[in-house]
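Trainee: Below are the structure tokens for one structure; questions will follow.
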Amino acid sequence: NNGGQTRYHWFEAVPFDQRYTEPITAAGGNLLAGWTHTSASGAETSLRGYFDTYRRSDLGTIELMKTLDLDFQHHFAAGPHHDIVWGAGFRATRSGAVPGYAITLSPPLRTDRLYSVFFQDEIALTPAVWVTLGSKVEHNAYTGFEYEPSVRMAWTPTNRHTLWASASRAIRQPNRQETGVSLELAEFPLDPYTLVSTRLYGNPRFQSEELRDVEVGYRAEWTKRISFDVDAFLSFYRHLETLEMQPQVVNASSLPVRIEIPLVYGNLGQATSYGGEV
């Protein structure tokens, strides 16, 4: 695909910056394959994989990415009280950007591998009470081992009424930009002998963003045509991405004197959200 965009030279608004037209080219493709099997006992097994690749020329540099993903899942019943599903996954991503205008990645080209396993058991404690326990455990190239557990309980006192509650933890792992980018956001003259620039740097110690969530709900089937649902949630977000200004760096070895204002990715953001639906 070929296209174009009109943009400014810098990523931040600075005096005397002018717009210009820049071409964009992109190409890519993917292949997906899957296999499923159901045994005589009703157990289900599936295996799927895909390969994806793309190349994009944008912002004065060439971005490359190749991804191989494999996923296995097995679902079966263990006796009359347990419904179990488990699986494993592997993903390898080779990505990079050719050093170009304003943007570099360190290292320019790297391969990241993600390993994951998960397990979930839906337990029938009584004919009216179910508990679902599970967790996903993964190992990524940036923060190592991460876990994402969840628990859910449902109570159906009658066929027309259900009460449920759940608690879970989820993460968003860092990406290449947050850990290894070097990006010049702006540069402008302060006077004939001084230049001021703003540059964004990745943080190799960037943490995963985290969510801890609690939900409760109720569902009623008033008639065969009318049902009623109400639920409420409370969510706690931690280690959210921020941009932290660092001490200025002055290079006076030659004229013009260069003053750099560094910005580094951080994890100082927090948030709490709550609400409900009817």
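The way I read the labels, and the way they are meant: chains A, B, ... in the order of the structure tokens, residue 1 as the first residue of every chain, and ligand 1 as the first ligand shown, with later ones counted on from there.
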Mind listing the helix (DSSP H, G or I) residues of stretch 70-259 of chain A, per DSSP on the backbone, as a PyMOL selection string?
Mentor: chain A and resi 176-180
Trainee: So which residues touch A:Glu184 within 8 Å, counting only C-alpha atoms, skipping near sequence neighbours fewer than 5 positions away, as a list in words?
Mentor: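 So, after excluding close chain neighbours, the residues are Trp10, Phe11, Ala102, Ile103, Ser197, Thr198, Arg199 and Leu200 of chain A.
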Trainee: Quick one: residues within 8 Å of A:Leu234, only C-alpha atoms, excluding same-chain residues fewer than 2 positions away - as a list in words?
Mentor: Asp213, Val214, Glu215, Ala232, Phe236, Thr272, Ser273, Tyr274 and Gly275 of chain A
Trainee: Considering only C-alpha atoms, can you say which of A:Ser253, A:Ser227, A:Gln173, A:Thr111 comes closest to A:Glu241?
Mentor: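 Once distances to A:Glu241 are computed over only C-alpha atoms, the minimum belongs to A:Gln173.
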Trainee: Quick one: pull the distance between atom CA of A:Ala128 and atom CA of A:Pro157, Å, one decimal.
Mentor: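 Straight-line distance from atom CA of A:Ala128 to atom CA of A:Pro157 works out to 6.1 Å.
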Trainee: Excluding same-chain residues fewer than 3 positions from A:Asn203, what lies within 9 Å of it counting only C-alpha atoms, as a list in words?
Mentor: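 My reading of the contact set: Gln177, Glu178, Thr179, Gly180, Val181, Phe206, Val264, Tyr265 and Gly266 of chain A.
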Trainee: Can you write just those residues out, all heavy atoms, as a PDB file, in the first residue's frame?
Mentor:
```
ATOM      1  N   GLN A 177       8.879   0.563  22.523  1.00  0.00           N
ATOM      2  CA  GLN A 177       9.020   2.013  22.640  1.00  0.00           C
ATOM      3  C   GLN A 177       9.257   2.424  24.082  1.00  0.00           C
ATOM      4  O   GLN A 177      10.130   3.253  24.371  1.00  0.00           O
ATOM      5  CB  GLN A 177       7.764   2.703  22.108  1.00  0.00           C
ATOM      6  CG  GLN A 177       7.776   4.217  22.310  1.00  0.00           C
ATOM      7  CD  GLN A 177       6.583   4.896  21.693  1.00  0.00           C
ATOM      8  OE1 GLN A 177       6.182   4.579  20.586  1.00  0.00           O
ATOM      9  NE2 GLN A 177       5.998   5.845  22.423  1.00  0.00           N
ATOM     10  N   GLU A 178       8.508   1.853  25.006  1.00  0.00           N
ATOM     11  CA  GLU A 178       8.608   2.259  26.408  1.00  0.00           C
ATOM     12  C   GLU A 178       9.945   1.879  27.033  1.00  0.00           C
ATOM     13  O   GLU A 178      10.365   2.486  28.015  1.00  0.00           O
ATOM     14  CB  GLU A 178       7.458   1.635  27.199  1.00  0.00           C
ATOM     15  CG  GLU A 178       6.103   2.215  26.824  1.00  0.00           C
ATOM     16  CD  GLU A 178       4.960   1.314  27.208  1.00  0.00           C
ATOM     17  OE1 GLU A 178       5.173   0.094  27.370  1.00  0.00           O
ATOM     18  OE2 GLU A 178       3.833   1.821  27.329  1.00  0.00           O
ATOM     19  N   THR A 179      10.619   0.897  26.476  1.00  0.00           N
ATOM     20  CA  THR A 179      11.866   0.440  27.068  1.00  0.00           C
ATOM     21  C   THR A 179      13.109   0.875  26.304  1.00  0.00           C
ATOM     22  O   THR A 179      14.191   0.933  26.892  1.00  0.00           O
ATOM     23  CB  THR A 179      11.879  -1.090  27.186  1.00  0.00           C
ATOM     24  OG1 THR A 179      11.710  -1.664  25.869  1.00  0.00           O
ATOM     25  CG2 THR A 179      10.755  -1.579  28.097  1.00  0.00           C
ATOM     26  N   GLY A 180      12.988   1.177  24.988  1.00  0.00           N
ATOM     27  CA  GLY A 180      14.211   1.389  24.232  1.00  0.00           C
ATOM     28  C   GLY A 180      14.208   2.485  23.201  1.00  0.00           C
ATOM     29  O   GLY A 180      15.127   2.558  22.380  1.00  0.00           O
ATOM     30  N   VAL A 181      13.195   3.374  23.215  1.00  0.00           N
ATOM     31  CA  VAL A 181      13.138   4.396  22.180  1.00  0.00           C
ATOM     32  C   VAL A 181      14.029   5.585  22.530  1.00  0.00           C
ATOM     33  O   VAL A 181      14.301   5.869  23.711  1.00  0.00           O
ATOM     34  CB  VAL A 181      11.679   4.886  21.979  1.00  0.00           C
ATOM     35  CG1 VAL A 181      11.241   5.789  23.130  1.00  0.00           C
ATOM     36  CG2 VAL A 181      11.538   5.622  20.655  1.00  0.00           C
ATOM     37  N   PHE A 206      11.064  -0.214  32.949  1.00  0.00           N
ATOM     38  CA  PHE A 206       9.631   0.049  32.902  1.00  0.00           C
ATOM     39  C   PHE A 206       8.858  -1.191  33.351  1.00  0.00           C
ATOM     40  O   PHE A 206       9.139  -2.307  32.930  1.00  0.00           O
ATOM     41  CB  PHE A 206       9.218   0.442  31.483  1.00  0.00           C
ATOM     42  CG  PHE A 206       7.828   0.992  31.378  1.00  0.00           C
ATOM     43  CD1 PHE A 206       7.585   2.334  31.595  1.00  0.00           C
ATOM     44  CD2 PHE A 206       6.769   0.167  31.058  1.00  0.00           C
ATOM     45  CE1 PHE A 206       6.302   2.858  31.496  1.00  0.00           C
ATOM     46  CE2 PHE A 206       5.491   0.667  30.955  1.00  0.00           C
ATOM     47  CZ  PHE A 206       5.250   2.022  31.184  1.00  0.00           C
ATOM     48  N   VAL A 264      11.613  10.740  30.315  1.00  0.00           N
ATOM     49  CA  VAL A 264      11.771   9.290  30.424  1.00  0.00           C
ATOM     50  C   VAL A 264      10.433   8.676  30.826  1.00  0.00           C
ATOM     51  O   VAL A 264       9.718   9.220  31.665  1.00  0.00           O
ATOM     52  CB  VAL A 264      12.860   8.917  31.458  1.00  0.00           C
ATOM     53  CG1 VAL A 264      12.952   7.403  31.630  1.00  0.00           C
ATOM     54  CG2 VAL A 264      14.208   9.483  31.047  1.00  0.00           C
ATOM     55  N   TYR A 265      10.105   7.533  30.217  1.00  0.00           N
ATOM     56  CA  TYR A 265       8.894   6.819  30.597  1.00  0.00           C
ATOM     57  C   TYR A 265       8.991   6.363  32.054  1.00  0.00           C
ATOM     58  O   TYR A 265      10.025   5.842  32.487  1.00  0.00           O
ATOM     59  CB  TYR A 265       8.668   5.600  29.710  1.00  0.00           C
ATOM     60  CG  TYR A 265       8.099   5.920  28.351  1.00  0.00           C
ATOM     61  CD1 TYR A 265       8.869   5.787  27.200  1.00  0.00           C
ATOM     62  CD2 TYR A 265       6.791   6.358  28.215  1.00  0.00           C
ATOM     63  CE1 TYR A 265       8.344   6.069  25.949  1.00  0.00           C
ATOM     64  CE2 TYR A 265       6.252   6.643  26.972  1.00  0.00           C
ATOM     65  CZ  TYR A 265       7.038   6.503  25.844  1.00  0.00           C
ATOM     66  OH  TYR A 265       6.518   6.792  24.607  1.00  0.00           O
ATOM     67  N   GLY A 266       7.909   6.543  32.806  1.00  0.00           N
ATOM     68  CA  GLY A 266       7.839   6.089  34.187  1.00  0.00           C
ATOM     69  C   GLY A 266       6.542   5.351  34.456  1.00  0.00           C
ATOM     70  O   GLY A 266       5.689   5.205  33.575  1.00  0.00           O
TER      71      GLY A 266
END
```
Trainee: Using only C-alpha atoms, which protein or nucleic acid residues come within 12 Å of A:Pro107? Drop anything in the same chain fewer than 6 positions from it, and give the result as a list in words.
Mentor: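 Close residues of A:Pro107: Arg94, Ser95, Gly96, Ala97, Val98, Pro99, Arg176, Gln177, Thr179, Gly180, Val181, Ser182, Gly202 and Pro204 of chain A.
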Trainee: Could you check which of A:Thr194, A:Ser208, A:Thr143, A:Thr126 is closest to A:Asn251, using only C-alpha atoms?
Mentor: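 Closest candidate: A:Thr194.
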